[in-house]
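> Below is input-v8.pdb; it holds PDB, C-alpha atoms.
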```pdb
ATOM      1  CA  MET A   1      98.285 313.582  -7.817
ATOM      2  CA  GLN A   2      96.619 316.524  -9.482
ATOM      3  CA  ASP A   3      92.865 316.096  -9.872
ATOM      4  CA  SER A   4      92.320 317.829 -13.154
ATOM      5  CA  THR A   5      93.515 320.547 -15.401
ATOM      6  CA  ASP A   6      91.927 322.176 -18.417
ATOM      7  CA  ASP A   7      94.018 321.748 -21.560
ATOM      8  CA  ASN A   8      92.150 324.176 -23.727
ATOM      9  CA  ALA A   9      88.762 325.777 -23.862
ATOM     10  CA  ALA A  10      87.555 323.360 -26.554
ATOM     11  CA  GLY A  11      88.544 320.198 -24.681
ATOM     12  CA  ALA A  12      87.366 318.539 -21.534
ATOM     13  CA  ALA A  13      89.545 318.707 -18.449
ATOM     14  CA  LEU A  14      92.135 315.945 -18.156
ATOM     15  CA  ASP A  15      92.292 314.179 -14.779
ATOM     16  CA  PHE A  16      95.834 312.941 -14.074
ATOM     17  CA  GLY A  17      94.607 310.865 -11.138
ATOM     18  CA  LEU A  18      91.967 308.945 -13.091
ATOM     19  CA  VAL A  19      92.412 305.735 -15.090
ATOM     20  CA  LEU A  20      89.736 304.015 -17.169
ATOM     21  CA  VAL A  21      90.003 300.219 -17.572
ATOM     22  CA  VAL A  22      88.086 298.734 -20.512
ATOM     23  CA  GLY A  23      87.658 295.049 -21.258
ATOM     24  CA  SER A  24      85.150 292.268 -21.696
ATOM     25  CA  SER A  25      86.510 290.093 -18.903
ATOM     26  CA  PRO A  26      85.259 291.224 -15.474
ATOM     27  CA  ILE A  27      88.148 289.363 -13.838
ATOM     28  CA  ASN A  28      90.766 291.140 -15.942
ATOM     29  CA  ARG A  29      89.067 294.492 -15.233
ATOM     30  CA  ILE A  30      89.254 293.797 -11.494
ATOM     31  CA  VAL A  31      92.919 292.745 -11.649
ATOM     32  CA  VAL A  32      93.925 295.797 -13.700
ATOM     33  CA  SER A  33      91.820 298.095 -11.506
ATOM     34  CA  ARG A  34      93.565 296.828  -8.364
ATOM     35  CA  ILE A  35      96.951 297.407  -9.984
ATOM     36  CA  GLY A  36      95.916 300.978 -10.844
ATOM     37  CA  GLU A  37      94.637 301.589  -7.312
ATOM     38  CA  ARG A  38      97.877 300.192  -5.895
ATOM     39  CA  ALA A  39      99.699 302.722  -8.088
ATOM     40  CA  GLY A  40      97.711 305.517  -6.420
ATOM     41  CA  PHE A  41      95.091 306.213  -9.094
ATOM     42  CA  ARG A  42      91.322 306.369  -8.946
ATOM     43  CA  VAL A  43      90.085 303.713 -11.330
ATOM     44  CA  VAL A  44      86.827 303.303 -13.217
ATOM     45  CA  SER A  45      86.253 300.100 -15.157
ATOM     46  CA  ALA A  46      83.722 299.223 -17.828
ATOM     47  CA  ALA A  47      82.876 296.712 -20.519
ATOM     48  CA  PRO A  48      83.605 298.039 -24.027
ATOM     49  CA  ASP A  49      79.931 298.713 -24.754
ATOM     50  CA  ARG A  50      79.592 300.821 -21.593
ATOM     51  CA  ALA A  51      82.949 302.581 -21.599
ATOM     52  CA  TRP A  52      81.674 305.744 -23.274
ATOM     53  CA  ALA A  53      79.674 306.633 -20.167
ATOM     54  CA  ALA A  54      82.982 306.799 -18.271
ATOM     55  CA  LEU A  55      84.544 309.146 -20.824
ATOM     56  CA  SER A  56      83.147 312.422 -19.655
ATOM     57  CA  ASP A  57      84.508 315.642 -18.229
ATOM     58  CA  PRO A  58      87.071 315.256 -16.788
ATOM     59  CA  LEU A  59      88.687 312.739 -19.100
ATOM     60  CA  PRO A  60      90.959 310.091 -17.595
ATOM     61  CA  ALA A  61      94.623 310.713 -18.350
ATOM     62  CA  LEU A  62      95.043 307.022 -19.123
ATOM     63  CA  VAL A  63      92.860 304.301 -20.632
ATOM     64  CA  VAL A  64      93.939 300.677 -20.224
ATOM     65  CA  VAL A  65      92.303 298.442 -22.829
ATOM     66  CA  ASP A  66      92.231 294.653 -22.530
ATOM     67  CA  GLY A  67      92.598 293.402 -26.083
ATOM     68  CA  GLY A  68      91.292 289.940 -25.187
ATOM     69  CA  ALA A  69      92.564 286.646 -26.512
ATOM     70  CA  ASP A  70      93.064 287.944 -30.059
ATOM     71  CA  SER A  71      94.209 291.459 -29.003
ATOM     72  CA  GLY A  72      91.408 292.880 -31.164
ATOM     73  CA  GLU A  73      88.463 292.495 -28.825
ATOM     74  CA  CYS A  74      88.205 296.237 -28.173
ATOM     75  CA  ASP A  75      89.184 297.487 -31.636
ATOM     76  CA  PRO A  76      85.893 299.378 -32.199
ATOM     77  CA  PHE A  77      86.342 301.136 -28.838
ATOM     78  CA  ILE A  78      89.999 301.974 -29.610
ATOM     79  CA  ASP A  79      88.984 303.414 -32.990
ATOM     80  CA  GLU A  80      86.384 305.676 -31.397
ATOM     81  CA  LEU A  81      88.711 306.628 -28.533
ATOM     82  CA  ASP A  82      91.390 307.571 -31.054
ATOM     83  CA  GLY A  83      89.024 310.177 -32.498
ATOM     84  CA  LEU A  84      88.538 311.662 -29.020
ATOM     85  CA  ARG A  85      92.248 311.967 -28.199
ATOM     86  CA  ARG A  86      93.771 315.413 -28.478
ATOM     87  CA  PRO A  87      97.236 316.973 -28.335
ATOM     88  CA  VAL A  88      98.574 317.492 -24.835
ATOM     89  CA  ALA A  89     102.189 318.505 -24.321
ATOM     90  CA  GLY A  90     103.327 316.913 -27.589
ATOM     91  CA  ARG A  91     101.446 313.667 -26.923
ATOM     92  CA  ARG A  92      97.845 312.595 -27.485
ATOM     93  CA  ALA A  93      95.582 312.184 -24.479
ATOM     94  CA  PRO A  94      94.070 310.211 -22.997
ATOM     95  CA  LEU A  95      97.078 307.941 -23.181
ATOM     96  CA  VAL A  96      96.268 304.338 -24.159
ATOM     97  CA  ILE A  97      97.799 301.070 -22.950
ATOM     98  CA  LEU A  98      96.791 297.893 -24.798
ATOM     99  CA  LEU A  99      96.974 294.646 -22.839
ATOM    100  CA  SER A 100      97.858 292.035 -25.419
ATOM    101  CA  GLY A 101      99.026 288.502 -25.928
ATOM    102  CA  HIS A 102     101.409 289.966 -28.510
ATOM    103  CA  ARG A 103     104.431 292.170 -27.909
ATOM    104  CA  ALA A 104     103.362 294.931 -30.303
ATOM    105  CA  ALA A 105     100.175 296.640 -31.362
ATOM    106  CA  HIS A 106      98.586 295.588 -34.628
ATOM    107  CA  PRO A 107     100.110 297.780 -37.364
ATOM    108  CA  GLY A 108      96.763 299.515 -37.870
ATOM    109  CA  ARG A 109      96.648 300.454 -34.164
ATOM    110  CA  ARG A 110     100.158 301.864 -33.690
ATOM    111  CA  ASN A 111      98.979 305.484 -33.751
ATOM    112  CA  ALA A 112      96.015 304.737 -31.478
ATOM    113  CA  VAL A 113      98.013 302.940 -28.760
ATOM    114  CA  ASP A 114     100.868 304.464 -26.726
ATOM    115  CA  ALA A 115     102.123 301.262 -25.071
ATOM    116  CA  VAL A 116     101.531 297.521 -25.215
ATOM    117  CA  VAL A 117     101.871 295.386 -22.093
ATOM    118  CA  ALA A 118     102.057 291.648 -22.721
ATOM    119  CA  MET A 119      99.715 289.311 -20.912
ATOM    120  CA  PRO A 120      99.645 287.741 -18.429
ATOM    121  CA  ILE A 121      99.373 290.962 -16.476
ATOM    122  CA  THR A 122     101.271 291.346 -13.209
ATOM    123  CA  PRO A 123     101.662 294.380 -10.963
ATOM    124  CA  GLU A 124     105.390 294.363 -11.715
ATOM    125  CA  THR A 125     104.815 294.725 -15.459
ATOM    126  CA  LEU A 126     101.797 297.052 -15.590
ATOM    127  CA  GLN A 127     102.112 299.389 -12.603
ATOM    128  CA  PRO A 128     105.414 301.053 -13.585
ATOM    129  CA  VAL A 129     104.167 301.615 -17.137
ATOM    130  CA  MET A 130     101.002 303.307 -15.849
ATOM    131  CA  GLN A 131     102.928 305.495 -13.408
ATOM    132  CA  ASP A 132     105.654 306.447 -15.881
ATOM    133  CA  MET A 133     103.222 307.372 -18.652
ATOM    134  CA  ILE A 134     101.102 309.622 -16.453
ATOM    135  CA  ARG A 135     104.143 311.141 -14.710
ATOM    136  CA  ASP A 136     105.719 311.952 -18.082
ATOM    137  CA  LEU A 137     102.516 313.528 -19.359
ATOM    138  CA  GLN A 138     102.189 315.601 -16.168
ATOM    139  CA  ARG A 139     105.807 316.709 -16.399
ATOM    140  CA  LEU A 140     105.367 317.816 -20.004
ATOM    141  CA  HIS A 141     101.996 319.494 -19.427
ATOM    142  CA  PRO A 142     102.470 323.161 -18.565
ATOM    143  CA  GLY A 143      99.608 323.377 -16.065
ATOM    144  CA  ALA A 144      99.990 320.039 -14.292
TER     145      ALA A 144
END
```
I'd like the structure from this file rewritten - as C-alpha cells, please.

Amino acid sequence: MQDSTDDNAAGAALDFGLVLVVGSSPINRIVVSRIGERAGFRVVSAAPDRAWAALSDPLPALVVVDGGADSGECDPFIDELDGLRRPVAGRRAPLVILLSGHRAAHPGRRNAVDAVVAMPITPETLQPVMQDMIRDLQRLHPGA
C-alpha cells in the first residue's frame, strides 16, 4: 500500500493506505474499523462532530460514513466533506462509502457518495468494496 502521494500543489496529500470511519455509534465504528484493518488499511474512526480533526494532511483515500438508522445521521458531515473533495484521476477524493439501511443514497447525496453498502454490515459485503474502490483510484492515479 502506498503511504501518500501529492495530487497537486494546492491539495493535501492523499494517503491510499488510510481510511476514516465516521459514525455516531461507537460499536459500528469499531466493527467497520476492524473490517478496514482486516483489508490491510490503517483506520481512524471518529464521531461526526470530531471527524474534521482526522481530515488533515494527508487526507484518507476513503471515508466510510455510517448513515445511522435513517441514513441521514451524518448528512451535515457529508455536505462539508463534499466541499473538500477534489478531482483525482477522473474521480473525486476522498472516496465516500455510505453505510445505509437503504440500497441507494438519498437523491440529494448521489454526487457526494461514491458507493452505498446496505446494513447490516459484514466483512463479506464491505471489505471488497473498500479494497476495490481504493485499488481503482490507485490504478487511475498517475503517481500512485
> For Val64 of chain A, which residue out of A:Ile35, A:Val44, A:Leu84, A:Val22 is the nearest one, using only C-alpha atoms?
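So, comparing all the options, the nearest one is A:Val22.
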> Under the rule that all atoms listed in the file are counted, which of A:Leu137, A:Val31, A:Ala112, A:Ala13 is the nearest residue to Arg91 of chain A?
A:Leu137
> Excluding Ser25 of chain A and any residue of its chain fewer than 4 positions from it, enumerate the residues within 9 Å of it, using all atoms listed in the file, and give them as a list of chain:residue names.
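What passes the distance filter is A:Arg29, A:Ile30, A:Ala47, A:Asp66, A:Gly68.
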> From the options A:Leu20, A:Ala39, A:Ile78, A:Ile97, which residue's atoms come nearest to Ala53 of chain A, counting all atoms listed in the file?
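Looking at the shortest contact to Ala53 of chain A, the residue is A:Leu20.
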> Using only C-alpha atoms, can you list as a list in words the residues within 7 Å of (98.1, 299.1, -20.0)?
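Final list of nearby residues, as requested, is Val64, Val65, Val96, Ile97, Leu98, Leu99, Ala115, Val116, Val117, Leu126 and Met130 of chain A.
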> Could you check which of A:Val88, A:Ile27, A:Leu81, A:Leu95 is closest to Pro60 of chain A, using all atoms listed in the file?
A:Leu95
> With the file shown as input, list the residues that the PyMOL selection byres ((chain A and resi 140) around 12) selects, as an NGL selection string.
:A and (87-92 or 133-139 or 141-144)
> Restricting the calculation to all atoms listed in the file: of A:Gly40, A:Pro94, A:Gly83, A:Gly67, which residue gets closest to Met119 of chain A?
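For Met119 of chain A, the nearest of the given residues is A:Gly67.
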> Within 12 Å of Ala54 of chain A, counting all atoms listed in the file, which residues show up once you throw out same-chain ones fewer than 3 positions away? Write them as a PDB file with C-alpha atoms, keeping the file's coordinate frame, please.

```
ATOM      1  CA  LEU A  18      91.967 308.945 -13.091  1.00  0.00           C
ATOM      2  CA  VAL A  19      92.412 305.735 -15.090  1.00  0.00           C
ATOM      3  CA  LEU A  20      89.736 304.015 -17.169  1.00  0.00           C
ATOM      4  CA  VAL A  21      90.003 300.219 -17.572  1.00  0.00           C
ATOM      5  CA  VAL A  22      88.086 298.734 -20.512  1.00  0.00           C
ATOM      6  CA  VAL A  43      90.085 303.713 -11.330  1.00  0.00           C
ATOM      7  CA  VAL A  44      86.827 303.303 -13.217  1.00  0.00           C
ATOM      8  CA  SER A  45      86.253 300.100 -15.157  1.00  0.00           C
ATOM      9  CA  ALA A  46      83.722 299.223 -17.828  1.00  0.00           C
ATOM     10  CA  ALA A  47      82.876 296.712 -20.519  1.00  0.00           C
ATOM     11  CA  PRO A  48      83.605 298.039 -24.027  1.00  0.00           C
ATOM     12  CA  ASP A  49      79.931 298.713 -24.754  1.00  0.00           C
ATOM     13  CA  ARG A  50      79.592 300.821 -21.593  1.00  0.00           C
ATOM     14  CA  ALA A  51      82.949 302.581 -21.599  1.00  0.00           C
ATOM     15  CA  ASP A  57      84.508 315.642 -18.229  1.00  0.00           C
ATOM     16  CA  PRO A  58      87.071 315.256 -16.788  1.00  0.00           C
ATOM     17  CA  LEU A  59      88.687 312.739 -19.100  1.00  0.00           C
ATOM     18  CA  PRO A  60      90.959 310.091 -17.595  1.00  0.00           C
ATOM     19  CA  VAL A  63      92.860 304.301 -20.632  1.00  0.00           C
ATOM     20  CA  LEU A  81      88.711 306.628 -28.533  1.00  0.00           C
TER      21      LEU A  81
END
```
> Interatomic distance between atom CA of Pro26 of chain A and atom CA of Asn111 of chain A?
26.9 Å
> Could you please determine the separation between atom CA of Ile121 of chain A and atom CA of Phe16 of chain A in Å, to one decimal place?
22.4 Å
> Given the choices A:Glu80, A:Glu124, A:Glu37, A:Glu73, which gets closest to Ser24 of chain A if the distance is worked out from only C-alpha atoms?
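Counting only C-alpha atoms, the residue closest to Ser24 of chain A is A:Glu73.
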> So how far away is atom CA of Thr125 of chain A from atom CA of Val32 of chain A, in Å?
11.1 Å
> For segment 53-99 of chain A of the block above, can you save N, CA and C atoms as a compact mmCIF listing (two decimals), in the first residue's frame?

```
# COMPACT_ATOMS: atom_id res chain seq x y z
N ALA A 53 -11.11 16.72 12.72
CA ALA A 53 -9.74 16.65 13.24
C ALA A 53 -8.95 15.55 12.52
N ALA A 54 -9.65 14.53 12.03
CA ALA A 54 -8.99 13.43 11.33
C ALA A 54 -8.76 13.73 9.85
N LEU A 55 -9.37 14.79 9.36
CA LEU A 55 -9.20 15.16 7.95
C LEU A 55 -8.11 16.22 7.84
N SER A 56 -6.89 15.74 7.86
CA SER A 56 -5.76 16.65 7.76
C SER A 56 -4.85 16.14 6.66
N ASP A 57 -3.67 16.67 6.58
CA ASP A 57 -2.71 16.25 5.57
C ASP A 57 -1.87 15.12 6.14
N PRO A 58 -1.87 13.95 5.60
CA PRO A 58 -2.53 13.55 4.35
C PRO A 58 -4.00 13.19 4.57
N LEU A 59 -4.77 13.38 3.53
CA LEU A 59 -6.18 13.01 3.55
C LEU A 59 -6.33 11.50 3.38
N PRO A 60 -7.32 10.90 4.02
CA PRO A 60 -7.58 9.48 3.75
C PRO A 60 -8.11 9.33 2.33
N ALA A 61 -7.77 8.25 1.69
CA ALA A 61 -8.28 7.99 0.34
C ALA A 61 -9.76 7.64 0.37
N LEU A 62 -10.21 7.14 1.52
CA LEU A 62 -11.59 6.67 1.64
C LEU A 62 -12.17 7.09 2.98
N VAL A 63 -13.43 7.53 2.95
CA VAL A 63 -14.18 7.84 4.16
C VAL A 63 -15.42 6.96 4.15
N VAL A 64 -15.61 6.20 5.22
CA VAL A 64 -16.79 5.36 5.37
C VAL A 64 -17.69 6.04 6.39
N VAL A 65 -18.90 6.37 5.97
CA VAL A 65 -19.83 7.13 6.81
C VAL A 65 -21.03 6.25 7.16
N ASP A 66 -21.26 6.09 8.46
CA ASP A 66 -22.42 5.35 8.95
C ASP A 66 -23.60 6.31 8.96
N GLY A 67 -24.56 6.06 8.09
CA GLY A 67 -25.72 6.94 7.98
C GLY A 67 -26.70 6.83 9.13
N GLY A 68 -26.54 5.84 10.00
CA GLY A 68 -27.45 5.67 11.12
C GLY A 68 -28.76 5.04 10.68
N ALA A 69 -29.70 5.01 11.59
CA ALA A 69 -30.98 4.35 11.36
C ALA A 69 -31.75 4.97 10.19
N ASP A 70 -31.65 6.29 10.03
CA ASP A 70 -32.41 6.95 8.97
C ASP A 70 -31.56 7.27 7.75
N SER A 71 -30.31 6.82 7.73
CA SER A 71 -29.34 7.05 6.66
C SER A 71 -28.99 8.52 6.47
N GLY A 72 -29.46 9.39 7.37
CA GLY A 72 -29.18 10.81 7.25
C GLY A 72 -28.44 11.38 8.45
N GLU A 73 -28.03 10.49 9.34
CA GLU A 73 -27.41 10.91 10.59
C GLU A 73 -26.16 11.78 10.38
N CYS A 74 -25.43 11.52 9.34
CA CYS A 74 -24.17 12.24 9.09
C CYS A 74 -24.28 13.21 7.91
N ASP A 75 -25.50 13.57 7.53
CA ASP A 75 -25.67 14.47 6.38
C ASP A 75 -24.87 15.76 6.50
N PRO A 76 -24.85 16.44 7.65
CA PRO A 76 -24.04 17.68 7.71
C PRO A 76 -22.56 17.40 7.45
N PHE A 77 -22.04 16.28 7.97
CA PHE A 77 -20.64 15.93 7.72
C PHE A 77 -20.42 15.63 6.23
N ILE A 78 -21.33 14.88 5.61
CA ILE A 78 -21.19 14.55 4.19
C ILE A 78 -21.21 15.82 3.35
N ASP A 79 -22.08 16.77 3.69
CA ASP A 79 -22.13 18.03 2.95
C ASP A 79 -20.81 18.77 3.02
N GLU A 80 -20.23 18.84 4.21
CA GLU A 80 -18.95 19.54 4.36
C GLU A 80 -17.82 18.77 3.69
N LEU A 81 -17.84 17.45 3.81
CA LEU A 81 -16.82 16.62 3.16
C LEU A 81 -16.89 16.78 1.65
N ASP A 82 -18.09 16.89 1.11
CA ASP A 82 -18.25 17.04 -0.33
C ASP A 82 -17.53 18.29 -0.83
N GLY A 83 -17.54 19.35 -0.03
CA GLY A 83 -16.83 20.57 -0.42
C GLY A 83 -15.32 20.43 -0.38
N LEU A 84 -14.82 19.46 0.37
CA LEU A 84 -13.38 19.21 0.49
C LEU A 84 -12.86 18.30 -0.63
N ARG A 85 -13.73 17.47 -1.18
CA ARG A 85 -13.31 16.51 -2.20
C ARG A 85 -12.80 17.24 -3.44
N ARG A 86 -11.81 16.62 -4.09
CA ARG A 86 -11.22 17.23 -5.27
C ARG A 86 -10.98 16.19 -6.35
N PRO A 87 -10.83 16.63 -7.59
CA PRO A 87 -10.61 15.68 -8.68
C PRO A 87 -9.29 14.93 -8.52
N VAL A 88 -9.37 13.63 -8.66
CA VAL A 88 -8.20 12.76 -8.66
C VAL A 88 -8.47 11.67 -9.69
N ALA A 89 -7.69 11.68 -10.75
CA ALA A 89 -7.78 10.63 -11.76
C ALA A 89 -9.22 10.42 -12.26
N GLY A 90 -9.92 11.50 -12.52
CA GLY A 90 -11.28 11.41 -13.04
C GLY A 90 -12.34 11.08 -12.00
N ARG A 91 -11.96 10.98 -10.75
CA ARG A 91 -12.90 10.73 -9.66
C ARG A 91 -12.77 11.89 -8.68
N ARG A 92 -13.52 11.85 -7.60
CA ARG A 92 -13.40 12.86 -6.55
C ARG A 92 -12.93 12.18 -5.28
N ALA A 93 -11.91 12.71 -4.67
CA ALA A 93 -11.34 12.09 -3.47
C ALA A 93 -11.35 13.08 -2.33
N PRO A 94 -11.45 12.59 -1.10
CA PRO A 94 -11.56 11.20 -0.73
C PRO A 94 -12.85 10.56 -1.25
N LEU A 95 -12.75 9.26 -1.54
CA LEU A 95 -13.91 8.49 -1.92
C LEU A 95 -14.81 8.33 -0.70
N VAL A 96 -16.12 8.18 -0.91
CA VAL A 96 -17.06 8.10 0.20
C VAL A 96 -17.97 6.88 0.03
N ILE A 97 -18.01 6.06 1.09
CA ILE A 97 -18.97 4.95 1.18
C ILE A 97 -19.98 5.32 2.26
N LEU A 98 -21.26 5.22 1.95
CA LEU A 98 -22.33 5.44 2.91
C LEU A 98 -22.87 4.09 3.35
N LEU A 99 -22.87 3.84 4.65
CA LEU A 99 -23.49 2.64 5.20
C LEU A 99 -24.94 3.00 5.48
```
